[in-house]
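Q: Contents of model.txt (compact mmCIF, C-alpha atoms and all ligand atoms) are below:
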# COMPACT_ATOMS: atom_id res chain seq x y z
CA MET A 1 98.18 103.38 83.54
CA THR A 2 100.08 105.96 85.53
CA VAL A 3 99.83 105.97 89.23
CA PRO A 4 101.56 108.65 91.29
CA ALA A 5 104.68 107.38 93.01
CA GLY A 6 104.06 106.65 96.64
CA GLY A 7 106.09 106.00 99.75
CA ALA A 8 108.15 102.87 100.08
CA ARG A 9 105.36 100.86 101.66
CA ALA A 10 102.55 102.10 99.46
CA VAL A 11 101.21 99.51 97.04
CA LEU A 12 98.50 99.51 94.42
CA PRO A 13 95.17 98.29 95.75
CA GLY A 14 94.03 94.86 94.61
CA ASP A 15 90.90 94.51 92.47
CA TYR A 16 88.41 92.25 94.26
CA HIS A 17 85.30 92.51 92.08
CA VAL A 18 85.87 91.08 88.60
CA HIS A 19 83.48 89.10 86.40
CA THR A 20 84.33 86.50 83.76
CA SER A 21 82.32 84.32 81.41
CA TRP A 22 81.38 82.20 84.45
CA SER A 23 78.61 84.80 84.91
CA ASP A 24 78.00 87.80 82.61
CA GLY A 25 81.60 88.80 81.84
CA ARG A 26 83.37 88.19 78.55
CA GLY A 27 86.90 87.13 79.53
CA THR A 28 88.24 83.89 80.92
CA VAL A 29 89.69 83.67 84.42
CA GLU A 30 93.18 83.35 82.89
CA GLU A 31 92.66 86.50 80.81
CA VAL A 32 91.58 88.73 83.69
CA VAL A 33 94.32 87.36 85.96
CA ARG A 34 96.97 87.97 83.31
CA ARG A 35 95.69 91.54 82.94
CA ALA A 36 95.93 92.14 86.71
CA ALA A 37 99.48 90.78 86.75
CA GLY A 38 100.41 92.98 83.79
CA LEU A 39 99.18 96.07 85.63
CA GLY A 40 101.20 95.14 88.71
CA LEU A 41 98.15 94.64 90.92
CA PRO A 42 99.06 92.56 93.98
CA GLU A 43 95.74 90.66 94.09
CA ILE A 44 92.62 90.01 92.07
CA GLY A 45 89.30 88.62 93.29
CA ILE A 46 87.02 86.82 90.87
CA ALA A 47 83.49 87.54 92.13
CA GLU A 48 80.71 86.19 89.93
CA HIS A 49 77.06 87.16 90.24
CA PHE A 50 75.31 84.62 92.43
CA THR A 51 71.85 84.16 93.87
CA PRO A 52 70.48 80.92 95.31
CA ARG A 53 67.35 80.91 93.14
CA PRO A 54 68.15 82.26 89.66
CA GLY A 55 65.28 82.43 87.20
CA PRO A 56 65.41 79.81 84.43
CA ASP A 57 66.35 82.36 81.76
CA ASP A 58 68.49 84.70 83.90
CA ASP A 59 71.85 84.18 82.25
CA TRP A 60 73.82 86.77 84.25
CA TRP A 61 74.07 84.50 87.30
CA LEU A 62 76.61 81.77 87.96
CA ARG A 63 74.17 78.92 88.54
CA PRO A 64 74.44 76.95 91.80
CA GLU A 65 75.08 73.67 89.99
CA ARG A 66 78.22 75.18 88.39
CA LEU A 67 79.85 76.35 91.64
CA ALA A 68 82.18 73.35 91.97
CA ASP A 69 83.56 73.72 88.43
CA TYR A 70 83.90 77.48 88.90
CA VAL A 71 85.91 77.19 92.09
CA ALA A 72 88.11 74.52 90.48
CA ASP A 73 88.79 76.76 87.48
CA VAL A 74 89.81 79.77 89.59
CA ARG A 75 92.00 77.54 91.78
CA ALA A 76 93.73 76.07 88.72
CA VAL A 77 94.56 79.55 87.39
CA ALA A 78 95.69 80.69 90.85
CA ALA A 79 98.06 77.71 91.06
CA VAL A 80 100.04 78.74 87.98
CA HIS A 81 100.30 82.46 88.86
CA ASP A 82 102.96 83.58 91.31
CA ASP A 83 102.86 87.09 89.80
CA VAL A 84 99.49 88.04 91.34
CA GLY A 85 97.39 86.65 94.19
CA VAL A 86 94.12 85.15 92.94
CA LEU A 87 91.13 84.98 95.29
CA VAL A 88 88.02 82.99 94.54
CA GLY A 89 84.85 84.85 95.39
CA LEU A 90 81.25 85.70 94.61
CA GLU A 91 79.19 88.84 94.18
CA ALA A 92 76.28 87.49 96.18
CA GLU A 93 72.85 89.06 95.90
CA TYR A 94 71.23 89.71 99.26
CA VAL A 95 67.59 88.69 99.22
CA ASP A 96 65.52 89.23 102.34
CA GLY A 97 64.41 85.86 103.67
CA GLN A 98 66.90 83.81 101.64
CA GLU A 99 69.82 84.19 104.08
CA ALA A 100 69.95 80.55 105.18
CA GLU A 101 69.86 79.33 101.61
CA LEU A 102 72.69 81.66 100.59
CA GLU A 103 74.66 80.69 103.68
CA ARG A 104 74.54 77.03 102.67
CA TYR A 105 76.34 77.86 99.40
CA LEU A 106 78.77 80.32 100.98
CA SER A 107 79.85 77.83 103.62
CA ALA A 108 80.10 74.91 101.19
CA TRP A 109 83.02 76.51 99.30
CA PRO A 110 86.22 78.21 100.50
CA PHE A 111 85.37 81.68 99.19
CA GLU A 112 88.09 84.19 99.97
CA VAL A 113 86.05 87.24 99.07
CA VAL A 114 82.29 87.64 99.30
CA VAL A 115 81.06 90.87 97.75
CA LEU A 116 77.52 91.96 98.57
CA GLY A 117 75.56 93.12 95.57
CA ILE A 118 72.04 94.52 95.66
CA HIS A 119 70.45 94.86 92.23
CA VAL A 120 66.90 93.92 93.27
CA VAL A 121 64.76 95.57 95.97
CA ASP A 122 61.63 93.78 97.13
CA GLY A 123 61.61 91.83 93.87
CA PHE A 124 62.12 94.92 91.69
CA ALA A 125 65.20 94.96 89.41
CA PHE A 126 65.84 98.70 89.63
CA ASP A 127 68.79 98.62 87.20
CA ASP A 128 66.74 97.10 84.37
CA PRO A 129 66.42 99.76 81.64
CA SER A 130 63.15 98.21 80.44
CA LEU A 131 61.57 98.92 83.86
CA ARG A 132 62.27 102.67 83.89
CA GLY A 133 58.55 103.31 83.34
CA ASP A 134 57.49 101.01 86.19
CA GLU A 135 55.31 102.58 88.89
CA ARG A 136 58.01 101.80 91.47
CA TRP A 137 59.91 104.76 89.99
CA ASP A 138 56.94 107.13 90.49
CA ASP A 139 58.20 107.83 94.03
CA PRO A 140 62.00 107.58 93.75
CA ASP A 141 62.61 108.46 97.43
CA ALA A 142 60.40 105.57 98.56
CA LEU A 143 62.39 103.17 96.37
CA LEU A 144 65.73 104.63 97.49
CA ALA A 145 64.69 104.31 101.15
CA ALA A 146 63.65 100.67 100.59
CA TYR A 147 67.00 100.03 98.92
CA TYR A 148 69.03 101.43 101.85
CA ARG A 149 66.89 99.44 104.30
CA THR A 150 67.89 96.35 102.32
CA VAL A 151 71.55 97.40 102.55
CA ARG A 152 71.14 97.75 106.32
CA ARG A 153 69.58 94.30 106.69
CA ALA A 154 72.36 92.76 104.59
CA CYS A 155 74.98 94.45 106.80
CA GLU A 156 73.20 93.29 109.95
CA TRP A 157 73.31 89.76 108.55
CA GLY A 158 77.04 90.41 108.19
CA ARG A 159 78.10 87.62 105.84
CA PHE A 160 80.06 89.84 103.44
CA ASP A 161 83.63 91.12 103.11
CA ILE A 162 82.83 94.05 100.81
CA ILE A 163 79.68 96.04 100.13
CA ALA A 164 79.68 96.71 96.38
CA HIS A 165 78.53 100.01 94.80
CA ILE A 166 76.56 101.06 97.91
CA ASP A 167 74.73 103.93 96.15
CA TYR A 168 74.03 101.97 92.96
CA ILE A 169 70.33 102.83 93.30
CA GLY A 170 71.39 106.28 92.00
CA LEU A 171 72.42 104.87 88.61
CA TRP A 172 69.59 106.67 86.79
CA GLY A 173 70.53 109.99 88.36
CA HIS A 174 68.16 110.01 91.35
CA ARG A 175 69.76 111.69 94.35
CA PRO A 176 68.54 110.92 97.87
CA GLY A 177 65.97 113.34 99.30
CA PRO A 178 65.44 114.20 102.97
CA ARG A 179 63.40 111.02 103.61
CA VAL A 180 66.29 108.86 102.39
CA LEU A 181 69.22 110.44 104.24
CA PRO A 182 68.45 108.86 107.65
CA GLU A 183 68.21 105.44 105.95
CA ILE A 184 71.70 105.97 104.49
CA GLU A 185 73.08 106.92 107.91
CA THR A 186 71.55 103.82 109.48
CA ALA A 187 72.89 101.61 106.69
CA LEU A 188 76.39 103.04 107.17
CA ASP A 189 76.18 102.44 110.93
CA ALA A 190 75.27 98.81 110.24
CA LEU A 191 78.12 98.53 107.73
CA ALA A 192 80.58 99.89 110.31
CA ALA A 193 79.34 97.40 112.90
CA SER A 194 79.66 94.51 110.41
CA GLY A 195 83.39 95.03 109.87
CA ALA A 196 82.99 94.74 106.09
CA ALA A 197 84.65 97.15 103.67
CA ILE A 198 82.95 99.72 101.48
CA GLU A 199 83.82 99.54 97.79
CA LEU A 200 84.88 102.37 95.54
CA ASN A 201 83.61 100.99 92.22
CA THR A 202 85.32 102.41 89.13
CA ASP A 203 82.81 101.04 86.62
CA ARG A 204 81.15 104.40 86.20
CA PHE A 205 81.83 104.37 82.45
CA SER A 206 78.86 102.09 81.83
CA ASP A 207 76.68 104.06 84.24
CA PRO A 208 74.22 106.63 82.83
CA ALA A 209 74.82 108.88 85.85
CA GLY A 210 78.53 108.92 84.97
CA VAL A 211 79.84 108.96 88.53
CA MET A 212 81.93 106.60 90.59
CA TYR A 213 80.13 104.72 93.34
CA PRO A 214 79.96 105.94 95.99
CA SER A 215 80.02 109.74 95.88
CA VAL A 216 82.82 111.52 97.76
CA GLU A 217 80.22 112.66 100.34
CA LEU A 218 79.10 109.11 101.07
CA LEU A 219 82.69 107.91 101.15
CA ARG A 220 83.54 110.66 103.66
CA ALA A 221 80.70 109.50 105.89
CA ALA A 222 82.06 105.93 105.64
CA HIS A 223 85.59 107.07 106.46
CA ALA A 224 84.34 109.00 109.48
CA ARG A 225 82.87 105.73 110.81
CA GLY A 226 86.17 103.86 110.35
CA ILE A 227 84.79 101.65 107.57
CA PRO A 228 87.69 100.13 105.57
CA LEU A 229 87.90 100.68 101.81
CA THR A 230 88.53 98.56 98.73
CA ILE A 231 88.85 99.86 95.17
CA ASP A 232 87.26 97.53 92.61
CA SER A 233 86.72 97.74 88.86
CA ASP A 234 83.61 95.53 88.54
CA ALA A 235 85.25 94.58 85.23
CA HIS A 236 83.22 92.48 82.80
CA GLU A 237 86.14 92.12 80.37
CA ALA A 238 89.89 91.77 80.86
CA GLY A 239 90.72 95.25 79.59
CA HIS A 240 88.67 96.83 82.40
CA VAL A 241 90.56 95.20 85.29
CA GLY A 242 92.20 97.94 87.35
CA ARG A 243 90.48 100.61 85.26
CA ALA A 244 90.74 104.23 86.45
CA TRP A 245 92.91 103.25 89.43
CA SER A 246 94.75 106.61 89.54
CA GLU A 247 91.47 108.53 89.49
CA ALA A 248 89.98 106.23 92.12
CA ILE A 249 92.98 106.69 94.41
CA GLY A 250 92.46 110.46 94.12
CA HIS A 251 88.72 110.03 94.87
CA ALA A 252 89.53 107.90 97.93
CA ARG A 253 92.10 110.38 99.19
CA ALA A 254 89.64 113.25 98.70
CA ALA A 255 87.27 111.39 101.03
CA GLY A 256 89.99 111.07 103.65
CA TYR A 257 91.19 107.53 103.00
CA ARG A 258 94.94 106.84 103.23
CA GLU A 259 94.73 103.03 103.25
CA THR A 260 92.82 100.23 101.59
CA LEU A 261 91.98 96.78 102.88
CA ARG A 262 94.05 93.86 101.54
CA LEU A 263 91.67 90.92 101.50
CA SER A 264 94.20 88.08 101.60
CA ASP A 265 95.31 88.91 105.15
CA ARG A 266 92.76 91.59 106.16
CA GLU A 267 95.56 94.14 106.61
CA LEU A 268 95.23 97.86 105.90
CA VAL A 269 97.90 98.95 103.41
CA PRO A 270 98.85 102.54 102.52
CA LEU A 271 97.51 104.04 99.30
CA PRO A 272 100.01 105.49 96.84
CA ALA A 273 100.25 109.28 97.25
ZN ZN B 301 76.92 94.59 91.06
ZN ZN B 302 79.67 93.21 89.71
Please express the file's structure as structure tokens.
A:
Amino acid sequence: MTVPAGGARAVLPGDYHVHTSWSDGRGTVEEVVRRAAGLGLPEIGIAEHFTPRPGPDDDWWLRPERLADYVADVRAVAAVHDDVGVLVGLEAEYVDGQEAELERYLSAWPFEVVVLGIHVVDGFAFDDPSLRGDERWDDPDALLAAYYRTVRRACEWGRFDIIAHIDYIGLWGHRPGPRVLPEIETALDALAASGAAIELNTDRFSDPAGVMYPSVELLRAAHARGIPLTIDSDAHEAGHVGRAWSEAIGHARAAGYRETLRLSDRELVPLPA
């Protein structure tokens, strides 16, 4: 990985959204942490998929009954690594009406990073390839608008540090029409008011639309509102930790960002040039 040399104070951004075999990733916690240290990343956040009520056969979630062992595992790896900061976290699914239930889990453990993920809108798993023919996709703008309303409600709830892949609903190539744009603006206003960061997600290699989330336009609108930024890989294997960091830094700078948020102390740190 080559990253342009920066000023004396500039540091590489940490990677706060990484999956392991505790949910649907392939690596162990030790493997992804070692990879982050090898790349010279200052911090890594392990953030497994979590929802309070996983279906019996949904194997991509970290199940609630495994939370204690998960936290203990990440803590044990963190304790033997002084070469990279290790934060224990979750990628928590926001489900309308399940806030209190999710809050009980979030407050029962000392999570250092809570990433908001939305992969389901009103019960519809929009990223499921087998549901591309579902009637919910007959009116893409209606589905996109419902998605951004869900983002807004999650931000108003305000229990997250980072909003992951905020325009993920565009993964199949649908771009927001005129009916959707006001919903995006309102969601961004709610995000700004929440104090959470927006995520630049570099996992666009597995995305049929082939773009980073979010687009430069959306990132510019976030920057204009003073929303802080993190750059995250959403890695599901060790080799993808810190992936495309140079490109992401360029994407962030193109949107106007000169700093990213360091989660361990909530400080803004300069991006490399
Ligand atoms: Zn996600
Ligand atoms: Zn993820």
Q: Can you tell me, as JSON, the centre and edge lengths (Å, one decimal) of the axis-aligned box enclosing all of stretch 172-189 of chain A's listed atoms after padding each side by 5 Å?
A:
{"center_x": 69.9, "center_y": 107.9, "center_z": 98.9, "size_x": 23.0, "size_y": 22.6, "size_z": 34.1}
Q: Could you report the residues within 7 Å of ligand ZN 302 (chain B), using all atoms listed in the file, as a list in words?
A: His17, Val18, His19, His49, Glu91 and Asp234 of chain A
Q: Quick one: residues within 8 Å of A:Ile44, all atoms listed in the file counted, chain neighbours fewer than 5 positions away excluded, as a PyMOL selection string?
A: chain A and resi 14-18+33+36+84-87
Q: Mind giving me the straight-line distance from atom CA of A:Asp138 to atom CA of A:Glu217 in Å, one decimal?
A: 25.9 Å
Q: Any chance you could tabulate, as CSV, the residues of stretch 138-182 of chain A at most 10 Å from stretch 107-125 of chain A with each one's nearest atom pair and distance in Å to one decimal, using all atoms listed in the file, in chain and rising number order?
A:
residue,atom,partner,partner_atom,distance
A:Leu143,CA,A:Val121,CA,8.0
A:Leu144,CA,A:Val121,CA,9.2
A:Ala146,CA,A:Val121,CA,7.0
A:Tyr147,CA,A:Val121,CA,5.8
A:Tyr148,CA,A:Val121,CA,9.3
A:Arg149,CA,A:Val121,CA,9.4
A:Thr150,CA,A:Val121,CA,7.1
A:Val151,CA,A:Ile118,CA,7.5
A:Ala154,CA,A:Leu116,CA,8.0
A:Cys155,CA,A:Leu116,CA,9.0
A:Gly158,CA,A:Leu116,CA,9.8
A:Arg159,CA,A:Val114,CA,7.8
A:Phe160,CA,A:Val114,CA,5.2
A:Asp161,CA,A:Val114,CA,5.3
A:Ile162,CA,A:Val115,CA,4.8
A:Ile163,CA,A:Leu116,CA,4.9
A:Ala164,CA,A:Gly117,CA,5.5
A:His165,CA,A:Gly117,CA,7.5
A:Ile166,CA,A:Ile118,CA,8.3
A:Asp167,CA,A:Ile118,CA,9.8
A:Tyr168,CA,A:His119,CA,8.0
A:Ile169,CA,A:His119,CA,8.0
Q: Using only C-alpha atoms for the distances, tell me which of A:Arg175, A:Arg243, A:His236, A:Arg26 is nearest to A:Ser215.
A: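 For A:Ser215, the nearest of the given residues is A:Arg175.
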Q: Between A:Glu31, A:Asp134, A:Asp203, A:Glu247, which residue has the minimum interatomic distance to ligand ZN 301 (chain B), considering all atoms listed in the file?
A: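 Going through A:Glu31, A:Asp134, A:Asp203, A:Glu247 one by one, the smallest distance to ligand ZN 301 (chain B) is for A:Asp203.
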Q: Just to confirm, what's the straight-line distance from atom CA of A:Gly239 to atom CA of A:Thr20 in Å (one decimal)?
A: 11.6 Å
Q: Quick one: distance from atom CA of A:Val269 to atom CA of A:Gly195 in Å, one decimal?
A: 16.4 Å
Q: If we count only C-alpha atoms and set the cut-off at 9 Å, which residues sit around A:Arg258, ignoring sequence neighbours fewer than 6 positions away in its own chain? Please answer as JSON, numbers by chain.
A: {"A": [252, 269, 270, 271, 272, 273]}
Q: Nearest to ligand ZN 301 (chain B): which of A:Val74, A:Val80, A:Leu12, A:Ala47 is it, counting all atoms listed in the file?
A: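 Among A:Val74, A:Val80, A:Leu12, A:Ala47, it is A:Ala47 that comes nearest to ligand ZN 301 (chain B).
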Q: Applying 9 Å and all atoms listed in the file, which residues near A:Phe50 remain after dropping the ones on its own chain fewer than 4 positions away? List them as a VMD selection string.
A: chain A and resid 23 54 60 to 64 90 to 93
Q: Could you write those residues out with C-alpha atoms, as a CSV table (one decimal), in the coordinates of the input?
A:
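Full text of part_19.csv as output:
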chain,number,residue,atom,x,y,z
A,23,SER,CA,78.6,84.8,84.9
A,54,PRO,CA,68.2,82.3,89.7
A,60,TRP,CA,73.8,86.8,84.2
A,61,TRP,CA,74.1,84.5,87.3
A,62,LEU,CA,76.6,81.8,88.0
A,63,ARG,CA,74.2,78.9,88.5
A,64,PRO,CA,74.4,77.0,91.8
A,90,LEU,CA,81.2,85.7,94.6
A,91,GLU,CA,79.2,88.8,94.2
A,92,ALA,CA,76.3,87.5,96.2
A,93,GLU,CA,72.8,89.1,95.9
Q: Quick one: residues within 10 Å of A:Ile227, all atoms listed in the file counted, chain neighbours fewer than 5 positions away excluded, as a VMD selection string?
A: chain A and resid 188 to 189 191 to 198 219 to 222 257 261
Q: Let me make sure I understand: among A:Gly38, A:Gly97, A:Pro228, A:Pro52, which one has the smallest atom-to-atom distance to A:Arg153 if we use only C-alpha atoms?
A: A:Gly97
Q: Looking at A:Asp141, A:Glu99, A:Asp265, A:Glu199, which one is nearest to ligand ZN 301 (chain B), with distances taken over only C-alpha atoms and all ligand atoms?
A: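 Using only C-alpha atoms and all ligand atoms, ligand ZN 301 (chain B) sits closest to A:Glu199.
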Q: A:Leu181, A:Ala248, A:Leu171, A:Val216: which is nearest ligand ZN 301 (chain B), counting only C-alpha atoms and all ligand atoms?
A: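 Looking at the shortest contact to ligand ZN 301 (chain B), the residue is A:Leu171.
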